[in-house]
Every structure is written in structure tokens, then in C-alpha cells.
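Next up, target.pdb (PDB, C-alpha atoms):
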ATOM      1  CA  MET A   1      19.676   3.394 -17.099  1.00  0.00           C
ATOM      2  CA  ASP A   2      22.292   4.442 -14.521  1.00  0.00           C
ATOM      3  CA  VAL A   3      21.315   6.647 -11.571  1.00  0.00           C
ATOM      4  CA  ASP A   4      23.335   7.868  -8.592  1.00  0.00           C
ATOM      5  CA  PHE A   5      21.771   8.772  -5.257  1.00  0.00           C
ATOM      6  CA  GLN A   6      22.824   9.933  -1.814  1.00  0.00           C
ATOM      7  CA  CYS A   7      20.339  10.738   0.978  1.00  0.00           C
ATOM      8  CA  VAL A   8      20.629  14.389   2.029  1.00  0.00           C
ATOM      9  CA  ARG A   9      18.341  13.915   5.056  1.00  0.00           C
ATOM     10  CA  CYS A  10      15.733  16.381   3.808  1.00  0.00           C
ATOM     11  CA  GLY A  11      12.924  14.559   5.633  1.00  0.00           C
ATOM     12  CA  ASN A  12      10.551  14.811   2.659  1.00  0.00           C
ATOM     13  CA  CYS A  13       9.866  11.064   2.750  1.00  0.00           C
ATOM     14  CA  CYS A  14       8.821  11.373   6.410  1.00  0.00           C
ATOM     15  CA  ARG A  15       6.037  13.929   5.935  1.00  0.00           C
ATOM     16  CA  ASN A  16       2.627  14.279   4.305  1.00  0.00           C
ATOM     17  CA  LEU A  17       2.259  10.705   3.097  1.00  0.00           C
ATOM     18  CA  ARG A  18       1.023   7.298   4.185  1.00  0.00           C
ATOM     19  CA  LEU A  19       3.806   4.878   5.069  1.00  0.00           C
ATOM     20  CA  PRO A  20       3.131   1.242   4.040  1.00  0.00           C
ATOM     21  CA  LEU A  21       3.565  -1.262   6.862  1.00  0.00           C
ATOM     22  CA  SER A  22       3.684  -5.022   7.129  1.00  0.00           C
ATOM     23  CA  VAL A  23       1.368  -6.670   9.647  1.00  0.00           C
ATOM     24  CA  ALA A  24       4.213  -7.000  12.166  1.00  0.00           C
ATOM     25  CA  GLU A  25       5.257  -3.384  11.611  1.00  0.00           C
ATOM     26  CA  ALA A  26       1.662  -2.197  12.009  1.00  0.00           C
ATOM     27  CA  MET A  27       1.394  -3.995  15.341  1.00  0.00           C
ATOM     28  CA  ASP A  28       4.605  -2.356  16.543  1.00  0.00           C
ATOM     29  CA  TRP A  29       3.344   1.022  15.326  1.00  0.00           C
ATOM     30  CA  LEU A  30       0.025   0.637  17.140  1.00  0.00           C
ATOM     31  CA  GLN A  31       1.683  -0.589  20.333  1.00  0.00           C
ATOM     32  CA  ALA A  32       3.826   2.569  20.268  1.00  0.00           C
ATOM     33  CA  GLY A  33       0.621   4.627  20.300  1.00  0.00           C
ATOM     34  CA  HIS A  34       0.713   5.707  16.655  1.00  0.00           C
ATOM     35  CA  SER A  35      -2.155   5.585  14.127  1.00  0.00           C
ATOM     36  CA  VAL A  36      -2.628   2.962  11.416  1.00  0.00           C
ATOM     37  CA  GLN A  37      -5.127   3.083   8.542  1.00  0.00           C
ATOM     38  CA  VAL A  38      -6.326   0.325   6.222  1.00  0.00           C
ATOM     39  CA  LEU A  39      -6.162   1.160   2.508  1.00  0.00           C
ATOM     40  CA  CYS A  40      -8.356  -0.963   0.218  1.00  0.00           C
ATOM     41  CA  GLU A  41      -8.508  -1.267  -3.548  1.00  0.00           C
ATOM     42  CA  ALA A  42     -10.144  -3.996  -5.598  1.00  0.00           C
ATOM     43  CA  ILE A  43     -10.014  -5.504  -9.077  1.00  0.00           C
ATOM     44  CA  PRO A  44     -12.882  -7.199 -10.937  1.00  0.00           C
ATOM     45  CA  TRP A  45     -11.737 -10.805 -11.430  1.00  0.00           C
ATOM     46  CA  PRO A  46     -14.379 -12.635 -13.490  1.00  0.00           C
ATOM     47  CA  GLY A  47     -11.895 -15.275 -14.620  1.00  0.00           C
ATOM     48  CA  GLU A  48      -8.293 -16.333 -14.174  1.00  0.00           C
ATOM     49  CA  PRO A  49      -5.896 -14.607 -16.608  1.00  0.00           C
ATOM     50  CA  PRO A  50      -3.361 -16.699 -18.557  1.00  0.00           C
ATOM     51  CA  ALA A  51      -0.209 -17.794 -16.741  1.00  0.00           C
ATOM     52  CA  SER A  52       1.817 -15.616 -19.106  1.00  0.00           C
ATOM     53  CA  ASN A  53       0.253 -12.476 -17.587  1.00  0.00           C
ATOM     54  CA  VAL A  54       2.948 -11.721 -15.013  1.00  0.00           C
ATOM     55  CA  PHE A  55       1.338  -8.454 -13.913  1.00  0.00           C
ATOM     56  CA  ALA A  56      -1.917 -10.247 -13.085  1.00  0.00           C
ATOM     57  CA  ALA A  57       0.057 -12.906 -11.206  1.00  0.00           C
ATOM     58  CA  TYR A  58       1.728 -10.161  -9.155  1.00  0.00           C
ATOM     59  CA  LYS A  59      -1.660  -8.700  -8.238  1.00  0.00           C
ATOM     60  CA  ARG A  60      -3.165 -12.102  -7.484  1.00  0.00           C
ATOM     61  CA  GLU A  61      -0.423 -13.035  -5.008  1.00  0.00           C
ATOM     62  CA  ARG A  62      -1.008  -9.823  -3.076  1.00  0.00           C
ATOM     63  CA  SER A  63      -4.808  -9.951  -2.913  1.00  0.00           C
ATOM     64  CA  PHE A  64      -7.583 -12.136  -1.565  1.00  0.00           C
ATOM     65  CA  PRO A  65     -10.746 -13.296  -3.353  1.00  0.00           C
ATOM     66  CA  ALA A  66     -14.136 -11.797  -2.553  1.00  0.00           C
ATOM     67  CA  LEU A  67     -17.479 -10.949  -4.146  1.00  0.00           C
ATOM     68  CA  SER A  68     -19.230  -7.703  -4.951  1.00  0.00           C
ATOM     69  CA  GLY A  69     -22.788  -8.738  -5.648  1.00  0.00           C
ATOM     70  CA  ASP A  70     -22.399 -11.477  -8.275  1.00  0.00           C
ATOM     71  CA  LEU A  71     -18.990 -10.256  -9.467  1.00  0.00           C
ATOM     72  CA  PRO A  72     -15.833 -12.118  -8.354  1.00  0.00           C
ATOM     73  CA  ILE A  73     -13.176  -9.618  -7.309  1.00  0.00           C
ATOM     74  CA  ARG A  74      -9.793  -9.539  -5.634  1.00  0.00           C
ATOM     75  CA  VAL A  75      -9.103  -7.106  -2.805  1.00  0.00           C
ATOM     76  CA  ILE A  76      -5.689  -5.567  -2.122  1.00  0.00           C
ATOM     77  CA  VAL A  77      -5.139  -4.234   1.404  1.00  0.00           C
ATOM     78  CA  THR A  78      -2.261  -2.032   2.542  1.00  0.00           C
ATOM     79  CA  LEU A  79      -1.741  -1.089   6.165  1.00  0.00           C
ATOM     80  CA  VAL A  80      -0.333   2.434   6.380  1.00  0.00           C
ATOM     81  CA  ALA A  81       0.831   4.961   8.938  1.00  0.00           C
ATOM     82  CA  PRO A  82      -0.567   8.434   8.134  1.00  0.00           C
ATOM     83  CA  LEU A  83       2.434  10.678   8.766  1.00  0.00           C
ATOM     84  CA  GLY A  84       0.721  14.040   8.443  1.00  0.00           C
ATOM     85  CA  SER A  85       3.118  16.939   9.062  1.00  0.00           C
ATOM     86  CA  GLY A  86       5.821  14.565  10.260  1.00  0.00           C
ATOM     87  CA  CYS A  87       6.567  11.006  11.341  1.00  0.00           C
ATOM     88  CA  PRO A  88       6.347  10.679  15.139  1.00  0.00           C
ATOM     89  CA  ASN A  89       9.874   9.246  15.038  1.00  0.00           C
ATOM     90  CA  LEU A  90      11.357  12.180  13.115  1.00  0.00           C
ATOM     91  CA  GLY A  91      13.695  14.390  15.120  1.00  0.00           C
ATOM     92  CA  PRO A  92      14.149  18.169  14.690  1.00  0.00           C
ATOM     93  CA  ASP A  93      17.349  17.493  12.725  1.00  0.00           C
ATOM     94  CA  ASN A  94      15.442  15.109  10.389  1.00  0.00           C
ATOM     95  CA  ALA A  95      17.154  12.118  12.002  1.00  0.00           C
ATOM     96  CA  CYS A  96      15.075   8.970  12.509  1.00  0.00           C
ATOM     97  CA  GLY A  97      14.542   8.004  16.135  1.00  0.00           C
ATOM     98  CA  ILE A  98      14.056   4.313  15.272  1.00  0.00           C
ATOM     99  CA  TYR A  99      16.567   4.125  12.412  1.00  0.00           C
ATOM    100  CA  ALA A 100      17.843   0.642  13.286  1.00  0.00           C
ATOM    101  CA  HIS A 101      14.254  -0.658  13.486  1.00  0.00           C
ATOM    102  CA  ARG A 102      12.575   1.488  10.815  1.00  0.00           C
ATOM    103  CA  PRO A 103       9.923  -0.133   8.562  1.00  0.00           C
ATOM    104  CA  GLY A 104      10.934  -1.834   5.331  1.00  0.00           C
ATOM    105  CA  ALA A 105       9.387   0.894   3.179  1.00  0.00           C
ATOM    106  CA  CYS A 106      11.723   3.399   4.867  1.00  0.00           C
ATOM    107  CA  ARG A 107      14.719   1.132   4.364  1.00  0.00           C
ATOM    108  CA  ILE A 108      14.286   0.933   0.598  1.00  0.00           C
ATOM    109  CA  TYR A 109      13.185   4.489  -0.257  1.00  0.00           C
ATOM    110  CA  PRO A 110      13.617   5.943  -2.863  1.00  0.00           C
ATOM    111  CA  ALA A 111      13.706   2.463  -4.352  1.00  0.00           C
ATOM    112  CA  GLU A 112      10.432   0.738  -5.236  1.00  0.00           C
ATOM    113  CA  SER A 113       9.378  -2.780  -4.261  1.00  0.00           C
ATOM    114  CA  ASN A 114       6.871  -3.020  -7.123  1.00  0.00           C
ATOM    115  CA  PRO A 115       8.908  -4.403 -10.071  1.00  0.00           C
ATOM    116  CA  PHE A 116       6.467  -2.832 -12.527  1.00  0.00           C
ATOM    117  CA  VAL A 117       7.165   0.722 -11.333  1.00  0.00           C
ATOM    118  CA  GLN A 118      10.059   2.494 -13.014  1.00  0.00           C
ATOM    119  CA  ILE A 119      12.112   4.845 -10.852  1.00  0.00           C
ATOM    120  CA  VAL A 120      11.956   8.415 -12.143  1.00  0.00           C
ATOM    121  CA  PRO A 121      13.980  10.750  -9.879  1.00  0.00           C
ATOM    122  CA  ALA A 122      11.747  13.732 -10.649  1.00  0.00           C
ATOM    123  CA  ARG A 123       8.758  11.797  -9.267  1.00  0.00           C
ATOM    124  CA  ARG A 124      10.448  10.861  -5.998  1.00  0.00           C
ATOM    125  CA  LEU A 125      10.271  13.087  -2.924  1.00  0.00           C
ATOM    126  CA  CYS A 126      14.049  13.546  -2.706  1.00  0.00           C
ATOM    127  CA  PRO A 127      15.425  16.942  -3.845  1.00  0.00           C
ATOM    128  CA  PRO A 128      17.547  17.276  -7.003  1.00  0.00           C
ATOM    129  CA  ASP A 129      20.863  17.454  -5.117  1.00  0.00           C
ATOM    130  CA  ALA A 130      20.265  13.915  -3.776  1.00  0.00           C
ATOM    131  CA  TRP A 131      20.533  12.646  -7.355  1.00  0.00           C
ATOM    132  CA  ARG A 132      23.768  14.375  -8.281  1.00  0.00           C
ATOM    133  CA  ALA A 133      26.123  12.398 -10.483  1.00  0.00           C
ATOM    134  CA  GLY A 134      29.121  10.950  -8.677  1.00  0.00           C
ATOM    135  CA  SER A 135      27.275  10.089  -5.454  1.00  0.00           C
ATOM    136  CA  ALA A 136      26.599   6.474  -4.450  1.00  0.00           C
ATOM    137  CA  PRO A 137      25.527   4.101  -7.263  1.00  0.00           C
ATOM    138  CA  PHE A 138      21.767   3.532  -7.103  1.00  0.00           C
ATOM    139  CA  LEU A 139      20.735   2.040 -10.443  1.00  0.00           C
ATOM    140  CA  ARG A 140      23.055   0.329 -12.887  1.00  0.00           C
ATOM    141  CA  ASP A 141      21.541  -0.900 -16.152  1.00  0.00           C
ATOM    142  CA  SER A 142      18.117  -0.191 -14.552  1.00  0.00           C
ATOM    143  CA  ASP A 143      18.802  -2.623 -11.675  1.00  0.00           C
ATOM    144  CA  TYR A 144      19.522  -1.670  -8.074  1.00  0.00           C
ATOM    145  CA  ALA A 145      23.252  -1.558  -7.497  1.00  0.00           C
ATOM    146  CA  ASP A 146      23.300  -2.405  -3.782  1.00  0.00           C
ATOM    147  CA  ASP A 147      23.077  -6.075  -2.754  1.00  0.00           C
ATOM    148  CA  GLU A 148      21.580  -5.263   0.661  1.00  0.00           C
ATOM    149  CA  LEU A 149      18.882  -3.109  -0.930  1.00  0.00           C
ATOM    150  CA  ARG A 150      17.913  -5.907  -3.294  1.00  0.00           C
ATOM    151  CA  LEU A 151      17.672  -8.309  -0.343  1.00  0.00           C
ATOM    152  CA  VAL A 152      15.425  -5.933   1.628  1.00  0.00           C
ATOM    153  CA  ILE A 153      13.177  -5.524  -1.427  1.00  0.00           C
ATOM    154  CA  ARG A 154      12.903  -9.304  -1.899  1.00  0.00           C
ATOM    155  CA  THR A 155      12.079  -9.737   1.779  1.00  0.00           C
ATOM    156  CA  ARG A 156       9.455  -7.002   1.592  1.00  0.00           C
ATOM    157  CA  LEU A 157       7.862  -8.573  -1.490  1.00  0.00           C
ATOM    158  CA  GLY A 158       7.653 -11.931   0.251  1.00  0.00           C
ATOM    159  CA  GLN A 159       6.111 -10.354   3.337  1.00  0.00           C
ATOM    160  CA  MET A 160       3.405  -8.689   1.226  1.00  0.00           C
ATOM    161  CA  VAL A 161       2.307 -12.145   0.057  1.00  0.00           C
ATOM    162  CA  ALA A 162       2.566 -13.677   3.530  1.00  0.00           C
ATOM    163  CA  ASP A 163       0.356 -10.928   5.018  1.00  0.00           C
ATOM    164  CA  VAL A 164      -2.598 -11.412   2.650  1.00  0.00           C
ATOM    165  CA  SER A 165      -4.467 -13.899   4.846  1.00  0.00           C
ATOM    166  CA  ALA A 166      -4.148 -11.580   7.849  1.00  0.00           C
ATOM    167  CA  HIS A 167      -5.487  -8.706   5.724  1.00  0.00           C
ATOM    168  CA  ALA A 168      -8.552 -10.723   4.771  1.00  0.00           C
ATOM    169  CA  SER A 169      -9.101 -11.742   8.380  1.00  0.00           C
ATOM    170  CA  LEU A 170      -8.887  -8.237   9.813  1.00  0.00           C
ATOM    171  CA  CYS A 171     -11.277  -6.842   7.175  1.00  0.00           C
ATOM    172  CA  ALA A 172     -13.817  -9.496   8.088  1.00  0.00           C
ATOM    173  CA  ALA A 173     -13.308  -8.950  11.813  1.00  0.00           C
ATOM    174  CA  LEU A 174     -13.696  -5.163  11.548  1.00  0.00           C
ATOM    175  CA  GLY A 175     -16.486  -5.149   8.957  1.00  0.00           C
ATOM    176  CA  ILE A 176     -14.355  -3.400   6.332  1.00  0.00           C
ATOM    177  CA  ARG A 177     -15.925  -4.007   2.934  1.00  0.00           C
ATOM    178  CA  ALA A 178     -15.471  -0.872   0.802  1.00  0.00           C
ATOM    179  CA  ALA A 179     -12.661  -0.598  -1.730  1.00  0.00           C
ATOM    180  CA  ALA A 180     -11.708   1.787  -4.505  1.00  0.00           C
ATOM    181  CA  MET A 181     -11.290   0.606  -8.060  1.00  0.00           C
ATOM    182  CA  ALA A 182      -7.634  -0.303  -8.528  1.00  0.00           C
ATOM    183  CA  ASN A 183      -5.654   2.294 -10.500  1.00  0.00           C
ATOM    184  CA  GLU A 184      -8.199   4.976  -9.613  1.00  0.00           C
ATOM    185  CA  GLY A 185      -7.647   5.461  -5.900  1.00  0.00           C
ATOM    186  CA  PHE A 186      -7.861   3.950  -2.436  1.00  0.00           C
ATOM    187  CA  ILE A 187     -10.359   3.806   0.375  1.00  0.00           C
ATOM    188  CA  ALA A 188      -8.653   4.795   3.636  1.00  0.00           C
ATOM    189  CA  HIS A 189     -10.402   3.133   6.567  1.00  0.00           C
ATOM    190  CA  ALA A 190      -9.597   4.451  10.046  1.00  0.00           C
ATOM    191  CA  PRO A 191     -10.955   1.786  12.403  1.00  0.00           C
ATOM    192  CA  ASP A 192     -10.769   1.967  16.158  1.00  0.00           C
ATOM    193  CA  GLN A 193      -7.078   1.450  16.866  1.00  0.00           C
ATOM    194  CA  THR A 194      -7.612  -0.887  19.808  1.00  0.00           C
ATOM    195  CA  ALA A 195      -9.914  -3.056  17.681  1.00  0.00           C
ATOM    196  CA  LEU A 196      -7.423  -3.016  14.808  1.00  0.00           C
ATOM    197  CA  LEU A 197      -4.584  -4.169  17.037  1.00  0.00           C
ATOM    198  CA  ALA A 198      -6.796  -6.886  18.519  1.00  0.00           C
ATOM    199  CA  ALA A 199      -7.744  -8.110  15.026  1.00  0.00           C
ATOM    200  CA  LEU A 200      -4.074  -8.291  14.030  1.00  0.00           C
ATOM    201  CA  ARG A 201      -3.164 -10.130  17.223  1.00  0.00           C
ATOM    202  CA  ASP A 202      -6.063 -12.556  16.750  1.00  0.00           C
ATOM    203  CA  PHE A 203      -4.706 -13.975  13.481  1.00  0.00           C
ATOM    204  CA  PRO A 204      -5.378 -16.708  12.679  1.00  0.00           C
ATOM    205  CA  PRO A 205      -8.813 -16.375  14.277  1.00  0.00           C
ATOM    206  CA  ALA A 206     -10.295 -19.229  16.258  1.00  0.00           C
ATOM    207  CA  ARG A 207     -13.408 -19.054  14.080  1.00  0.00           C
ATOM    208  CA  PRO A 208     -13.012 -17.646  10.555  1.00  0.00           C
ATOM    209  CA  ALA A 209     -15.429 -14.792   9.851  1.00  0.00           C
ATOM    210  CA  PRO A 210     -17.974 -15.280   7.056  1.00  0.00           C
ATOM    211  CA  ALA A 211     -17.185 -13.943   3.600  1.00  0.00           C
ATOM    212  CA  GLN A 212     -18.249 -10.347   2.970  1.00  0.00           C
ATOM    213  CA  ASP A 213     -20.075  -8.659   0.122  1.00  0.00           C
ATOM    214  CA  TRP A 214     -17.757  -5.838  -0.966  1.00  0.00           C
ATOM    215  CA  GLU A 215     -18.634  -2.467  -2.450  1.00  0.00           C
ATOM    216  CA  PHE A 216     -16.598  -0.458  -4.924  1.00  0.00           C
ATOM    217  CA  VAL A 217     -16.241   3.306  -4.585  1.00  0.00           C
ATOM    218  CA  SER A 218     -15.167   5.472  -7.505  1.00  0.00           C
ATOM    219  CA  ASP A 219     -15.001   9.160  -8.371  1.00  0.00           C
ATOM    220  CA  ARG A 220     -15.711   8.352 -12.029  1.00  0.00           C
ATOM    221  CA  ILE A 221     -19.346   7.984 -13.065  1.00  0.00           C
ATOM    222  CA  GLU A 222     -18.244   5.743 -15.946  1.00  0.00           C
ATOM    223  CA  THR A 223     -16.708   3.285 -13.492  1.00  0.00           C
ATOM    224  CA  VAL A 224     -19.790   3.326 -11.265  1.00  0.00           C
ATOM    225  CA  GLN A 225     -22.024   2.534 -14.239  1.00  0.00           C
ATOM    226  CA  ALA A 226     -19.715  -0.205 -15.535  1.00  0.00           C
ATOM    227  CA  ILE A 227     -19.479  -1.948 -12.148  1.00  0.00           C
ATOM    228  CA  ARG A 228     -23.216  -1.770 -11.577  1.00  0.00           C
ATOM    229  CA  SER A 229     -23.812  -3.256 -15.024  1.00  0.00           C
ATOM    230  CA  CYS A 230     -21.962  -6.373 -13.805  1.00  0.00           C
ATOM    231  CA  ASP A 231     -24.481  -6.841 -10.961  1.00  0.00           C
ATOM    232  CA  ALA A 232     -21.904  -5.553  -8.480  1.00  0.00           C
ATOM    233  CA  HIS A 233     -22.071  -2.772  -5.905  1.00  0.00           C
ATOM    234  CA  CYS A 234     -20.511   0.630  -6.524  1.00  0.00           C
ATOM    235  CA  GLN A 235     -21.141   4.092  -5.160  1.00  0.00           C
ATOM    236  CA  LEU A 236     -19.886   7.445  -6.377  1.00  0.00           C
ATOM    237  CA  ALA A 237     -17.267   8.959  -4.080  1.00  0.00           C
ATOM    238  CA  GLY A 238     -18.675  11.912  -2.169  1.00  0.00           C
ATOM    239  CA  SER A 239     -22.310  11.039  -2.734  1.00  0.00           C
ATOM    240  CA  GLU A 240     -22.858   8.768   0.280  1.00  0.00           C
ATOM    241  CA  GLN A 241     -19.581   9.032   2.162  1.00  0.00           C
ATOM    242  CA  LEU A 242     -19.513   7.088   5.392  1.00  0.00           C
ATOM    243  CA  PRO A 243     -17.548   8.403   8.381  1.00  0.00           C
ATOM    244  CA  GLN A 244     -15.520   5.199   8.565  1.00  0.00           C
ATOM    245  CA  PHE A 245     -13.524   5.889   5.414  1.00  0.00           C
ATOM    246  CA  GLU A 246     -12.056   8.504   3.111  1.00  0.00           C
ATOM    247  CA  TYR A 247     -11.732   8.276  -0.660  1.00  0.00           C
ATOM    248  CA  LEU A 248      -8.215   9.028  -1.908  1.00  0.00           C
ATOM    249  CA  SER A 249      -7.994   9.819  -5.611  1.00  0.00           C
ATOM    250  CA  LEU A 250      -4.856   8.319  -7.139  1.00  0.00           C
ATOM    251  CA  ASN A 251      -4.174  11.601  -8.903  1.00  0.00           C
ATOM    252  CA  SER A 252      -3.707  13.320  -5.533  1.00  0.00           C
ATOM    253  CA  MET A 253      -1.399  10.707  -4.010  1.00  0.00           C
ATOM    254  CA  PRO A 254       2.364  11.436  -3.695  1.00  0.00           C
ATOM    255  CA  ALA A 255       4.682   9.594  -6.086  1.00  0.00           C
TER     256      ALA A 255
END

For the structure just supplied, provide its representation as C-alpha cells.
Amino acid sequence: MDVDFQCVRCGNCCRNLRLPLSVAEAMDWLQAGHSVQVLCEAIPWPGEPPASNVFAAYKRERSFPALSGDLPIRVIVTLVAPLGSGCPNLGPDNACGIYAHRPGACRIYPAESNPFVQIVPARRLCPPDAWRAGSAPFLRDSDYADDELRLVIRTRLGQMVADVSAHASLCAALGIRAAAMANEGFIAHAPDQTALLAALRDFPPARPAPAQDWEFVSDRIETVQAIRSCDAHCQLAGSEQLPQFEYLSLNSMPA
């Protein structure tokens, strides 16, 4: 598949979404006085999949082990900046105020760091005229055409793996232990921002926090019943919502 793309500076990718951040980027964001949330999803992991399962290997590298009741699970954490009506660095002309130092997710958009996600222009936030034929080469034979873009993606993928231990540490330090079922949604935790920054700065901690007993949250009664049948913890979204988090259904998340 060949696709052309040229940014038209519409600003759509800077509004009404949650911007993924590395640990270092999240610290910079917090130090600048901006908000950071902690998104959590989890996967039941009763046994190790075969080495040939490359998708499972991708998930494993980007998650840390935990328990929910008696069920072994793996937890995936993503630090995000909730942009609301507009990124705090977005100017009135849709120019980025920190362009030279913008986060990696901004640098690659509308590309995708997840190798299992296929780029479909209609599902990206960019308007149709950004995808007009004859603009800059974006995909050639379904691979990214730009060498620098591929390098940024590889760097971002490596950083996701490197940040996993810090994710586990900050969850333990802040008492975060609720996660959505992977592929169904996310739990968005909004911890005290000063405490979050302190937890990120304190990695690795002088004394590792004890392992936590995690709880799944789902908006599907079938999932709740299935998880509970495995002697694990699961609550139905909306039934006992706690003020510390918000359930985000995957169906309502931007592409």
C-alpha cells in the first residue's frame, strides 16, 4: 500500500485526546505545570504463550506482572497528557510552541508505533486534503518511507520497554491498582500531580513497594463474570466508581 501525506496544520491531533508520554516526557510535562494521567489496562496471563506468538511477546515486553486474586495478569501502563480543548503548547495559528522538543507521539503522528496497527487515513485525525496524492511519500509498500520517522518510531518502541519498571514502581507508590480489560477500554487515574512527579523522580525507589492485588474494571457483564470465575477481582464500570479514576470505553476513544 502506498500513501502520501502532508501536514496541513489543522491542529486536530492537538485537541480532545490523550497524548501518550514517556516517563521523561511526563516529568517535563508535569514540571511545566501541565496535567498527566495514568492509563491502565491488564491482560489475564495464566501461562506463558509460545515463542512464536509475536503479538503476545509485544504485549509482554510492555507490561509488568501482577496478580488479581489468584489470577496472574500483566498490566500495561501509559502516561498521557489530557489535551482537552487544546494542547497548552498550541498557538492560535495551530503552531506548536515546543516543536523542537515535542513528545515522540507528536513527532510520529499520523504514523503508528504499534506494528500491529494498520494505518487507515480515514481513521486518523488529519483531514482528507492532508492525504492528497502527490504530496510527500508516507507509506511505500506498507512501510514508512521516511528514514527519520522510522528511527523515531524505533526509539519510541524501545523507550516503552525501558519505562515498564518505572510504571510498576509508580503504581505501587501511588496505590494505583485498577485496570480495564485490554481491548475493552482503559482506566484513567488522575493522581495528585505533585505525588506523581515525586514517584517518577524517585525511580528506582530506595525500598521497592510490595506487590499489589489488582482489580479489573469492565463495562461488559460477560467480562466481569468471566474474570470473577477465575478467582480474580472485577467490578462493573459505573456500579462502584471511585473518584480516583474514570473508565474509558475503547469504543469512545479517538483513532

- Item | Pairwise distance for atom CA of Leu79 of chain A and atom CA of Ala57 of chain A, rounded to one decimal in Å | 21.1 Å

- Nearest to Arg107 of chain A by atom-to-atom distance, counting all atoms listed in the file, from A:Leu30, A:Ser68, A:Pro20, A:Ala188: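 Residue with the minimum atom-to-atom distance to Arg107 of chain A: A:Pro20.
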
- Message: To test your reading of the syntax: which residues would the PyMOL selection byres ((chain A and resi 198) around 12) return for the file shown? Reply as a list of chain:residue names.
- Response: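 Evaluating the PyMOL selection byres ((chain A and resi 198) around 12) on these coordinates yields A:Ala26, A:Met27, A:Leu30, A:Gln31, A:Ala166, A:Ser169, A:Leu170, A:Ala173, A:Leu174, A:Pro191, A:Asp192, A:Gln193, A:Thr194, A:Ala195, A:Leu196, A:Leu197, A:Ala199, A:Leu200, A:Arg201, A:Asp202, A:Phe203, A:Pro204, A:Pro205.
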
- Evaluate the PyMOL selection byres ((chain A and resi 211) around 9) on the structure here and hand back the selected residues as a list in words.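 Applying the expression gives Ala66, Leu67, Ala172, Pro208, Ala209, Pro210, Gln212 and Asp213 of chain A.
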
- What is the atom CA of Trp29 of chain A to atom CA of Gln159 of chain A distance in Å? 16.8 Å

- atom CA of Gly185 of chain A and atom CA of Val224 of chain A are how many Å apart?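 About the pair atom CA of Gly185 of chain A and atom CA of Val224 of chain A: they are 13.4 Å apart.
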
- Query: What lies within 10 Å of Asp143 of chain A using only C-alpha atoms, ignoring chain neighbours under 6 positions off, as a ChimeraX atom specification?
  - Reply: /A:1-3,150

Those same residues, written as a PDB file, keeping the file's coordinate frame with C-alpha atoms?
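This is the output file out_39.pdb:
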ATOM      1  CA  MET A   1      19.676   3.394 -17.099  1.00  0.00           C
ATOM      2  CA  ASP A   2      22.292   4.442 -14.521  1.00  0.00           C
ATOM      3  CA  VAL A   3      21.315   6.647 -11.571  1.00  0.00           C
ATOM      4  CA  ARG A 150      17.913  -5.907  -3.294  1.00  0.00           C
TER       5      ARG A 150
END

- Residue neighbourhood segment 37-46 of chain A, 7 Å, all atoms listed in the file, exclusion window fewer than 6 positions, as a PyMOL selection string: chain A and resi 71-81+179-182+186-190

For the selection you just gave me, I'd like the residues written to a file as a short mmCIF file (atom, residue, chain, number, x, y, z; two decimals), in the coordinates of the input, keeping C-alpha atoms.
data_model
loop_
_atom_site.label_atom_id
_atom_site.label_comp_id
_atom_site.auth_asym_id
_atom_site.auth_seq_id
_atom_site.Cartn_x
_atom_site.Cartn_y
_atom_site.Cartn_z
CA LEU A 71 -18.99 -10.26 -9.47
CA PRO A 72 -15.83 -12.12 -8.35
CA ILE A 73 -13.18 -9.62 -7.31
CA ARG A 74 -9.79 -9.54 -5.63
CA VAL A 75 -9.10 -7.11 -2.80
CA ILE A 76 -5.69 -5.57 -2.12
CA VAL A 77 -5.14 -4.23 1.40
CA THR A 78 -2.26 -2.03 2.54
CA LEU A 79 -1.74 -1.09 6.16
CA VAL A 80 -0.33 2.43 6.38
CA ALA A 81 0.83 4.96 8.94
CA ALA A 179 -12.66 -0.60 -1.73
CA ALA A 180 -11.71 1.79 -4.50
CA MET A 181 -11.29 0.61 -8.06
CA ALA A 182 -7.63 -0.30 -8.53
CA PHE A 186 -7.86 3.95 -2.44
CA ILE A 187 -10.36 3.81 0.38
CA ALA A 188 -8.65 4.80 3.64
CA HIS A 189 -10.40 3.13 6.57
CA ALA A 190 -9.60 4.45 10.05
#

- With distances taken over all atoms listed in the file, which of A:Val36, A:Ala206, A:Ala100, A:Val164 is nearest to Leu83 of chain A?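 Closest to Leu83 of chain A of all the choices is A:Val36.
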
- Message: Going by the chain IDs and residue numbers used in this file, which residues fall under the PyMOL selection byres ((chain A and resi 133) around 9)? Write them as JSON, numbers by chain.
- Response: {"A": [3, 4, 5, 131, 132, 134, 135, 136, 137]}

- Task: Can you work out which one of A:Asp129, A:Glu25, A:Pro82, A:Val54 has the shortest atom-to-atom distance to Arg102 of chain A, counting only C-alpha atoms?
- Result: A:Glu25

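The nearest approach to Ala162 of chain A among the residues A:Asn53, A:Ser63, A:Asn12, A:Ser35, with only C-alpha atoms taken into account, belongs to A:Ser63.
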
- Selected residue, from A:Gly158, A:Arg177, A:Arg220, A:His167, that lies nearest to Tyr58 of chain A when counting all atoms listed in the file: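 Ranking A:Gly158, A:Arg177, A:Arg220, A:His167 by distance to Tyr58 of chain A, first place goes to A:Gly158.
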
- A:Cys234, A:Cys126, A:Tyr144, A:Leu250: which is nearest Asn183 of chain A, counting only C-alpha atoms?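 Among A:Cys234, A:Cys126, A:Tyr144, A:Leu250, it is A:Leu250 that comes nearest to Asn183 of chain A.
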
- Radius query 12 Å about (12.8, 2.8, 13.0), atoms used: all atoms listed in the file, as a list of chain:residue names: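 So the residues meeting the distance criterion are A:Cys14, A:Leu21, A:Glu25, A:Asp28, A:Trp29, A:Ala32, A:Cys87, A:Pro88, A:Asn89, A:Leu90, A:Gly91, A:Ala95, A:Cys96, A:Gly97, A:Ile98, A:Tyr99, A:Ala100, A:His101, A:Arg102, A:Pro103, A:Gly104, A:Ala105, A:Cys106, A:Arg107.
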
Please write out, as JSON, where the centre of an axis-aligned box around all listed atoms of segment 118-133 of chain A lies and how long its edges are, in Å to one decimal, after adding 3 Å on each side.
{"center_x": 17.4, "center_y": 10.0, "center_z": -7.9, "size_x": 23.4, "size_y": 21.0, "size_z": 16.3}
